[in-house]
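Student: Quick one: the structure is below, and I'll ask about it shortly.
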2 protein chains.
Amino acid sequence: MVRNMVLTTSEIDKLLDNAKLRHTKQRAQLAKMLFKAENRHFTAEQLHKEARTAGHTISLATIYNTLHQFRSAGLLRQVIVEPGKVYFDTNTEPHHHFYIEDDGELLDVERNEVKISTLPEIPKNCNIREMDVIIRLRKK
Amino acid sequence: MVRNMVLTTSEIDKLLDNAKLRHTKQRAQLAKMLFKAENRHFTAEQLHKEARTAGHTISLATIYNTLHQFRSAGLLRQVIVEPGKVYFDTNTEPHHHFYIEDDGELLDVERNEVKISTLPEIPKNCNIREMDVIIRLRKK
DNA sequence: AAGGTTTTTAGAACCATTCTAAAAAAGAAA
DNA sequence: TTTCTTTTTTAGAATGGTTCTAAAAACCTT
């Protein structure tokens, strides 16, 4: 999908169709907020606040439900960098992260910016599902 | 510190001295449980259960207090791999992890088993504090 | 429009962790 | 040792992000 600006209504229809989700006002609103040109990182609470500020009426429970549905559909991924809170990431390509600990900010690191030349032997009976590199930063 | 077996009382004294912590029964018990030959990964709840099973009387609050004190003293580090729970790791050397998602098990990966040949440019005004590689596994 | 299904919602529940404030233990001084 | 002060431990309450519940609203089909 091309994402160089805000999605049109028909693009959102397509997105929800692909995700096999019914079209509802809340899902369309969230999709419109999330899937723009720029990838973003956010928590459920942040998104909730943002939606209310934008004048949408949506409950926190629906935010959580929808984020998980989007995630199952492969439209979002979770990033775990801090105890007690989950970040969501609209970038679902394999990639890595800077995490600025001072202010809890996540930044994407493209996959090819980290070259891993040696990998450990994988325990038998296991497959790699995903590999996360988190570079934790402190401000000078 | 040499850790090829259970620590002696005087080694524990030294450990607490170095950490600038007073010697108390609970801290000594936990130190004895934790700092053995093998490094280990555990949560506060797991350690609490283990201590009670070993016949020690120690509250969960003290487990948390002590783990944080040990961490500040550089004797433990935290590992964040799952939402809503924190693992502690007795291995404080720079290293990485396998995380077996099926059963929530963490395994150490030595630093030299992952060779990173290219790093992204660090955002200006920032320093690297730490770099975590988490290889998420699924059982076949 | 009616009927059956899915979605949304407010608020309760959950659970790992932190906080509180009072009791217990430790250390210092006499 | 006894007393005094400080630190530590503790049970239980509080917290905060997330999930659950069950009832109302929205949705879809006929």
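How things are named: the first chain in the structure tokens is A, the next is B, and so on; residues count from 1 in each chain; ligands count from 1 in the order shown.
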Tell me as a VMD selection string which residues belonging to chain B come within 10 Å of chain D, counting only C-alpha atoms (C1' of nucleotides).
Tutor: chain B and resid 22 24 26 58 to 62 65 83 to 84
Student: Go ahead and save the residues from that selection, with all heavy atoms, as a compact mmCIF listing (two decimals), in the first residue's frame.
Tutor:
# COMPACT_ATOMS: atom_id res chain seq x y z
N ARG B 22 24.02 -2.56 54.13
CA ARG B 22 24.14 -3.19 55.44
C ARG B 22 23.89 -4.67 55.36
O ARG B 22 23.15 -5.14 54.50
CB ARG B 22 23.11 -2.58 56.39
CG ARG B 22 23.51 -1.25 56.92
CD ARG B 22 22.73 -1.02 58.18
NE ARG B 22 22.96 0.31 58.69
CZ ARG B 22 22.23 0.85 59.64
NH1 ARG B 22 21.22 0.16 60.16
NH2 ARG B 22 22.50 2.04 60.09
N THR B 24 22.10 -7.74 56.34
CA THR B 24 20.88 -8.21 56.98
C THR B 24 20.65 -9.64 56.54
O THR B 24 21.20 -10.09 55.54
CB THR B 24 19.66 -7.36 56.56
OG1 THR B 24 19.40 -7.58 55.18
CG2 THR B 24 19.90 -5.88 56.81
N GLN B 26 18.03 -11.03 55.30
CA GLN B 26 17.37 -11.18 54.00
C GLN B 26 18.32 -10.94 52.84
O GLN B 26 18.32 -11.68 51.86
CB GLN B 26 16.19 -10.20 53.90
CG GLN B 26 15.00 -10.56 54.79
CD GLN B 26 15.16 -10.09 56.22
OE1 GLN B 26 16.24 -9.63 56.63
NE2 GLN B 26 14.11 -10.20 57.01
N ILE B 58 10.63 -13.99 54.02
CA ILE B 58 10.98 -12.73 53.38
C ILE B 58 9.76 -12.27 52.60
O ILE B 58 9.07 -13.07 51.98
CB ILE B 58 12.21 -12.90 52.46
CG1 ILE B 58 12.69 -11.57 51.93
CG2 ILE B 58 11.92 -13.88 51.33
CD1 ILE B 58 14.05 -11.64 51.27
N SER B 59 9.50 -10.99 52.70
CA SER B 59 8.31 -10.47 52.03
C SER B 59 8.63 -10.11 50.59
O SER B 59 9.79 -9.89 50.21
CB SER B 59 7.81 -9.22 52.75
OG SER B 59 8.71 -8.17 52.51
N LEU B 60 7.57 -10.03 49.79
CA LEU B 60 7.75 -9.68 48.39
C LEU B 60 8.33 -8.27 48.27
O LEU B 60 9.17 -8.00 47.40
CB LEU B 60 6.40 -9.78 47.67
CG LEU B 60 6.41 -9.63 46.16
CD1 LEU B 60 7.39 -10.58 45.50
CD2 LEU B 60 5.01 -9.84 45.62
N ALA B 61 7.92 -7.39 49.15
CA ALA B 61 8.44 -6.01 49.11
C ALA B 61 9.95 -6.01 49.29
O ALA B 61 10.66 -5.26 48.61
CB ALA B 61 7.76 -5.16 50.18
N THR B 62 10.43 -6.84 50.18
CA THR B 62 11.88 -6.91 50.40
C THR B 62 12.60 -7.49 49.20
O THR B 62 13.70 -7.05 48.84
CB THR B 62 12.19 -7.74 51.66
OG1 THR B 62 11.57 -7.10 52.77
CG2 THR B 62 13.69 -7.83 51.90
N ASN B 65 12.82 -4.59 46.88
CA ASN B 65 13.81 -3.63 47.38
C ASN B 65 15.22 -4.14 47.11
O ASN B 65 16.07 -3.41 46.58
CB ASN B 65 13.65 -3.41 48.89
CG ASN B 65 12.39 -2.64 49.22
OD1 ASN B 65 11.82 -1.97 48.36
ND2 ASN B 65 11.95 -2.73 50.47
N PRO B 83 5.69 -7.85 27.81
CA PRO B 83 4.94 -6.81 28.51
C PRO B 83 4.53 -7.28 29.89
O PRO B 83 4.17 -8.44 30.08
CB PRO B 83 3.72 -6.58 27.62
CG PRO B 83 3.66 -7.71 26.68
CD PRO B 83 5.01 -8.34 26.61
N GLY B 84 4.61 -6.39 30.86
CA GLY B 84 4.03 -6.67 32.16
C GLY B 84 4.84 -7.52 33.10
O GLY B 84 4.34 -7.97 34.11
Student: Write out as a PyMOL selection string which residues come within 10 Å of B:Phe98 when counting only C-alpha atoms (C1' of nucleotides), dropping same-chain ones fewer than 5 positions away.
Tutor: (chain A and resi 120+122-123+128+131) or (chain B and resi 81+105-109+133-137)
Student: Quick one: which residues from chain C are at most 10 Å off chain B, using only C-alpha atoms (C1' of nucleotides), as JSON, numbers by chain?
Tutor: {"C": [15, 16, 17, 18, 19, 25, 26, 27]}
Student: DSSP on the backbone: what in stretch 9-134 of chain A comes out strand (DSSP E or B), as an MDAnalysis selection string?
Tutor: chainID A and resid 41:42 77:82 85:89 95:100 105:110 115:118 126:134
Student: May I have the selected residues written with N, CA and C atoms, as a compact mmCIF listing (two decimals), in the first residue's frame?
Tutor:
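As written to disk, part25.txt reads:
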# COMPACT_ATOMS: atom_id res chain seq x y z
N HIS A 41 5.50 5.55 16.45
CA HIS A 41 5.51 4.73 17.66
C HIS A 41 4.62 5.40 18.67
N PHE A 42 3.80 4.60 19.36
CA PHE A 42 2.85 5.20 20.29
C PHE A 42 2.35 4.13 21.25
N ARG A 77 3.10 -3.67 14.82
CA ARG A 77 3.85 -4.59 15.65
C ARG A 77 4.08 -3.96 17.01
N GLN A 78 4.34 -4.80 17.98
CA GLN A 78 4.61 -4.30 19.33
C GLN A 78 6.10 -4.14 19.52
N VAL A 79 6.47 -3.19 20.34
CA VAL A 79 7.86 -3.02 20.73
C VAL A 79 7.92 -2.96 22.25
N ILE A 80 8.74 -3.83 22.82
CA ILE A 80 8.85 -3.90 24.28
C ILE A 80 10.20 -3.37 24.68
N VAL A 81 10.21 -2.21 25.30
CA VAL A 81 11.50 -1.64 25.71
C VAL A 81 11.50 -1.19 27.15
N GLU A 82 10.36 -1.18 27.76
CA GLU A 82 10.25 -0.60 29.09
C GLU A 82 9.26 -1.43 29.88
N LYS A 85 4.77 -1.00 29.99
CA LYS A 85 4.06 -0.32 28.91
C LYS A 85 4.49 -0.88 27.57
N VAL A 86 3.56 -0.90 26.64
CA VAL A 86 3.80 -1.48 25.33
C VAL A 86 3.72 -0.39 24.28
N TYR A 87 4.72 -0.34 23.45
CA TYR A 87 4.66 0.58 22.31
C TYR A 87 4.17 -0.17 21.10
N PHE A 88 3.43 0.51 20.24
CA PHE A 88 3.05 -0.03 18.94
C PHE A 88 3.82 0.73 17.87
N ASP A 89 4.05 0.05 16.77
CA ASP A 89 4.89 0.58 15.71
C ASP A 89 4.19 0.31 14.37
N HIS A 95 13.11 -4.40 11.30
CA HIS A 95 13.97 -3.24 11.55
C HIS A 95 14.27 -3.19 13.03
N HIS A 96 15.03 -2.19 13.42
CA HIS A 96 15.46 -2.11 14.81
C HIS A 96 15.13 -0.75 15.41
N HIS A 97 15.60 -0.52 16.64
CA HIS A 97 15.21 0.71 17.33
C HIS A 97 16.31 1.34 18.16
N PHE A 98 16.30 2.66 18.12
CA PHE A 98 16.92 3.45 19.16
C PHE A 98 15.85 3.69 20.21
N TYR A 99 16.25 3.64 21.46
CA TYR A 99 15.31 4.01 22.51
C TYR A 99 15.98 5.07 23.37
N ILE A 100 15.45 6.28 23.32
CA ILE A 100 16.02 7.37 24.12
C ILE A 100 15.39 7.31 25.50
N GLU A 105 11.46 7.91 24.04
CA GLU A 105 11.18 8.04 22.61
C GLU A 105 11.82 6.89 21.83
N LEU A 106 11.06 6.36 20.90
CA LEU A 106 11.55 5.30 20.03
C LEU A 106 11.83 5.86 18.64
N LEU A 107 12.95 5.43 18.05
CA LEU A 107 13.29 5.83 16.68
C LEU A 107 13.63 4.59 15.88
N ASP A 108 13.16 4.54 14.65
CA ASP A 108 13.48 3.39 13.81
C ASP A 108 14.93 3.38 13.38
N VAL A 109 15.47 2.18 13.30
CA VAL A 109 16.77 1.96 12.69
C VAL A 109 16.52 0.95 11.57
N GLU A 110 16.85 1.33 10.35
CA GLU A 110 16.55 0.42 9.24
C GLU A 110 17.35 -0.86 9.38
N LYS A 115 24.42 -4.42 10.62
CA LYS A 115 24.86 -5.64 9.91
C LYS A 115 25.32 -6.65 10.93
N ILE A 116 24.65 -7.76 10.95
CA ILE A 116 25.02 -8.82 11.89
C ILE A 116 25.68 -9.93 11.09
N SER A 117 26.97 -10.14 11.37
CA SER A 117 27.72 -11.09 10.55
C SER A 117 27.81 -12.47 11.17
N THR A 118 27.63 -12.54 12.49
CA THR A 118 27.69 -13.84 13.14
C THR A 118 26.48 -14.00 14.03
N CYS A 126 14.05 -25.18 17.91
CA CYS A 126 13.54 -23.82 17.88
C CYS A 126 13.77 -23.17 16.53
N ASN A 127 12.86 -22.28 16.20
CA ASN A 127 13.01 -21.43 15.02
C ASN A 127 13.05 -19.98 15.44
N ILE A 128 13.78 -19.18 14.69
CA ILE A 128 13.78 -17.75 14.96
C ILE A 128 12.47 -17.15 14.49
N ARG A 129 11.81 -16.44 15.37
CA ARG A 129 10.57 -15.78 14.99
C ARG A 129 10.86 -14.33 14.62
N GLU A 130 11.82 -13.78 15.33
CA GLU A 130 12.09 -12.36 15.14
C GLU A 130 13.36 -12.02 15.90
N MET A 131 14.00 -10.97 15.43
CA MET A 131 15.22 -10.56 16.11
C MET A 131 15.16 -9.06 16.34
N ASP A 132 15.26 -8.67 17.58
CA ASP A 132 15.14 -7.26 17.94
C ASP A 132 16.47 -6.72 18.41
N VAL A 133 16.89 -5.64 17.83
CA VAL A 133 18.06 -4.93 18.33
C VAL A 133 17.58 -3.60 18.89
N ILE A 134 17.86 -3.38 20.15
CA ILE A 134 17.47 -2.14 20.79
C ILE A 134 18.73 -1.43 21.27
Student: Counting only C-alpha atoms, which of B:Lys139, B:Lys20, B:Lys36, B:Arg27 gets nearest to chain A?
Tutor: B:Lys139
Student: Counting only C-alpha atoms, figure out which residue out of B:His68, B:Glu121, B:Glu93, B:Glu113 gets nearest to chain A.
Tutor: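 Nearest candidate to chain A out of B:His68, B:Glu121, B:Glu93, B:Glu113: B:Glu113.
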Student: To one decimal place in Å, what is the distance between atom CA of B:Asp102 and atom CA of B:Lys140?
Tutor: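 Answer for the atom CA of B:Asp102 to atom CA of B:Lys140 separation: 10.1 Å.
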Student: What is the distance, in Å and to one decimal place, between atom CA of B:Lys124 and atom CA of A:Asp103?
Tutor: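 So the answer is 15.0 Å.
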Student: Counting only C-alpha atoms (C1' of nucleotides), what is within 12 Å of A:Thr57, bar same-chain residues fewer than 5 positions away, as a list in words?
Tutor: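 Result of the neighbour search: Lys25, Gln26, Arg27, Gln29, Leu30, His48, Lys49, Glu50, Ala51, Arg52, Thr62 and Ile63 of chain A; DT8 and DT9 of chain C.
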Student: Grab the atom CA of A:Gly74 to atom CA of A:Leu119 distance for me, in Å with one decimal place.
Tutor: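 Result for atom CA of A:Gly74 versus atom CA of A:Leu119: 26.3 Å, one decimal.
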